[in-house]
Each structure stands twice: as C-alpha cells, then as structure tokens.
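A.B. asks: Handing you a structure now.
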Amino acid sequence: MKPNKPSLILFFMALLCTIIFDWTEQDFFGTYAKAIVLPAIFIYYLISSEFRIRKTEGLIFFFCFVGQVYDLMDIESSEIGGVISFLIVYLLIVSIFIREHERIKLTKRDILPISIVVVFIVYLLISVLSLQLDNMKKFNMIYTVYGIVLSVLSYFCFVSYITKGTHIALLMSLMAISYIFSDIFYIFNEYFSYSVVLVLIRDITQILAYFFMVEYFLEKARIQKPIQQ
C-alpha cells in the first residue's frame, strides 16, 4: 500500500460516516466525523507532494480549517467567521489561477458555451443574493463580495475546461461545482426549515470540494515539475 493511501481511506471513511450520521440526525457523531475530513486530506496532500507545500496552498488549508472550525462550533460569530475564511480561500485560489496558469485564448466555437456559462453563473449569483432574508441583510456586502469572488473562480474553472479540456481543468471544474453547491445549500440550511436532504448535499459537496481541490494541487505540481527541472 502506498504511504498516502491510509489517509485517503480515512478521508472517505469520514465522508461515509458523515453521510450516515447526517441521515440518522446524529449531530454529535456527525461533528466528529466532519472534524476528521480536513486533517485526513491534508495529510494525504503532504505525503503525496513529498511534504512540499508552498505558502499559498498552506494558507488555503489554514483558512479552510478555520472556516470548518467556525462551522462546527456553531456559535454566534460562526456565520461571519466562516464566510470570511472561505472568502480568503477563494481569493487565494483565484490568485493561483492568475499567477500560474496560461492566459485563456478563446476561439469562435468557444463563444456560445462560454456565454451560457457566464449567464448561468450570473443567474445563480443574482438569485442567491436576491433572497430577501433578514439574516442575510446583516452581511449583505460581505455576501455580495463572496458571491462575486466565487463567480470569478468558477468562470476560470469552467472556461479552462471548455477551451482546454485537460484533466487539470476537469479537476478545477469539479472543485468549483462542489464549492458552488456547498455554498448554496449552506445558505438554504441556515435560513430555511431543517431538511436532512439539504444537510446531506451541503456536507457531501463541501467534503468533495476539499478532495478535488487537493487533486488539483497535486496535478498542478506534477505538470510544473518537469518544467522546473
């Protein structure tokens, strides 16, 4: 067995336990299962990358951890703390896209699918932000900035996949989709009546977002390694 496999197995076991405990509404045990997720995937990343981690990736993991702690603590400041933490995560990922990826070159055949993607992203952004909810109004500006940054991140991911269709672009798109659904269903869970299905979708997509993000980091390192050599 490869050295990185046990941590990956632990990660997916934590995902399975999260699904079971969410479904059975065992919040106490669910909290412990979700607490294992990030450490497990972080260890998997460290071993897979031969313990080489750059500052940007390190900061991303740190703020993911902070955001998850806020979510698991479920205290008065959890909402704003979690939003700010993941806003920083998205900004850091966008900075990686801008700094380390080639400039996207569009062709005529890309215009239609990219236009559909842009319309879809803008529609989701406006739809979520236009929810007239009292709790959301308290942090309206922060939610707006958060939504715009996530939209920019999603644009980079989807357009990269449309124009290049590479494995790394696929991982980027899967990461973006997971974060989008995780955030949308987080809002639904916070401000609408409790639903096991909504909780399941939120937690599963959030956990899968970590997995696709790590796979993206590892694939990016594999691509860049021959160039650096």
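Every chain in the structure tokens has a letter given in the order shown (A, B, ...), and although residue numbers restart at 1 in each chain, ligands are simply numbered from 1 in the order shown.
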Just the residues within 9 Å of Ile204 in chain A, please, counting only C-alpha atoms, with nothing from its chain fewer than 6 positions along; format it as a list in words.

C.D. replies: Leu15, Thr18, Ile19, Ser178 and Ser182 of chain A

A.B. asks: Can you build me a table of range 26-117 of chain A residues sitting at most 12 Å from range 169-173 of chain A, with the closest atom pair per residue and its distance in Å to one decimal, using only C-alpha atoms, sorted by chain and residue number, as a Markdown table?

C.D. replies:
| residue | atom | partner | partner_atom | distance |
| --- | --- | --- | --- | --- |
| A:Ile93 | CA | A:Met172 | CA | 10.2 |
| A:Val94 | CA | A:Met172 | CA | 11.1 |
| A:Ile96 | CA | A:Met172 | CA | 11.6 |
| A:Phe97 | CA | A:Met172 | CA | 9.9 |
| A:His101 | CA | A:Ala169 | CA | 10.5 |
| A:Glu102 | CA | A:Ala169 | CA | 11.9 |
| A:Ile104 | CA | A:Ala169 | CA | 11.7 |
| A:Val117 | CA | A:Ser173 | CA | 11.7 |

A.B. asks: Which of these, A:Lys225, A:Lys5, A:Lys220, A:Arg109, has the shortest distance to Glu57 in chain A once you count only C-alpha atoms?

C.D. replies: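 Closest candidate: A:Lys220.
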
A.B. asks: At a cut-off of 10 Å, using only C-alpha atoms, what residues contact Val128 in chain A? Leave out same-chain residues fewer than 2 positions from it and give the result as a PyMOL selection string.

C.D. replies: chain A and resi 123-126+130-132+143-144+147+183-184+187-188

A.B. asks: Please indicate the distance in Å from CA of Leu198 in chain A to CA of Phe185 in chain A, rounded to one decimal place.

C.D. replies: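 Computed distance, CA of Leu198 in chain A to CA of Phe185 in chain A, equals 6.2 Å.
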
A.B. asks: May I ask for the distance between CA of Met73 in chain A and CA of Val149 in chain A, given in Å to one decimal place?

C.D. replies: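 Taking CA of Met73 in chain A as the start and CA of Val149 in chain A as the end point, the length is 25.3 Å.
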
A.B. asks: Using only C-alpha atoms, which of A:Phe21, A:Phe181, A:Phe29, A:Tyr146 sits nearest Ile84 in chain A?

C.D. replies: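 Of A:Phe21, A:Phe181, A:Phe29, A:Tyr146, the one nearest Ile84 in chain A is A:Tyr146, counting only C-alpha atoms.
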
A.B. asks: Skip Met213 in chain A itself and residues of its chain fewer than 4 positions away, then list as a ChimeraX atom specification all residues within 12 Å of it, counting only C-alpha atoms.

C.D. replies: /A:38,41-42,45,57,60-61,64,89-90,93,157,168-179,205-209,217-220
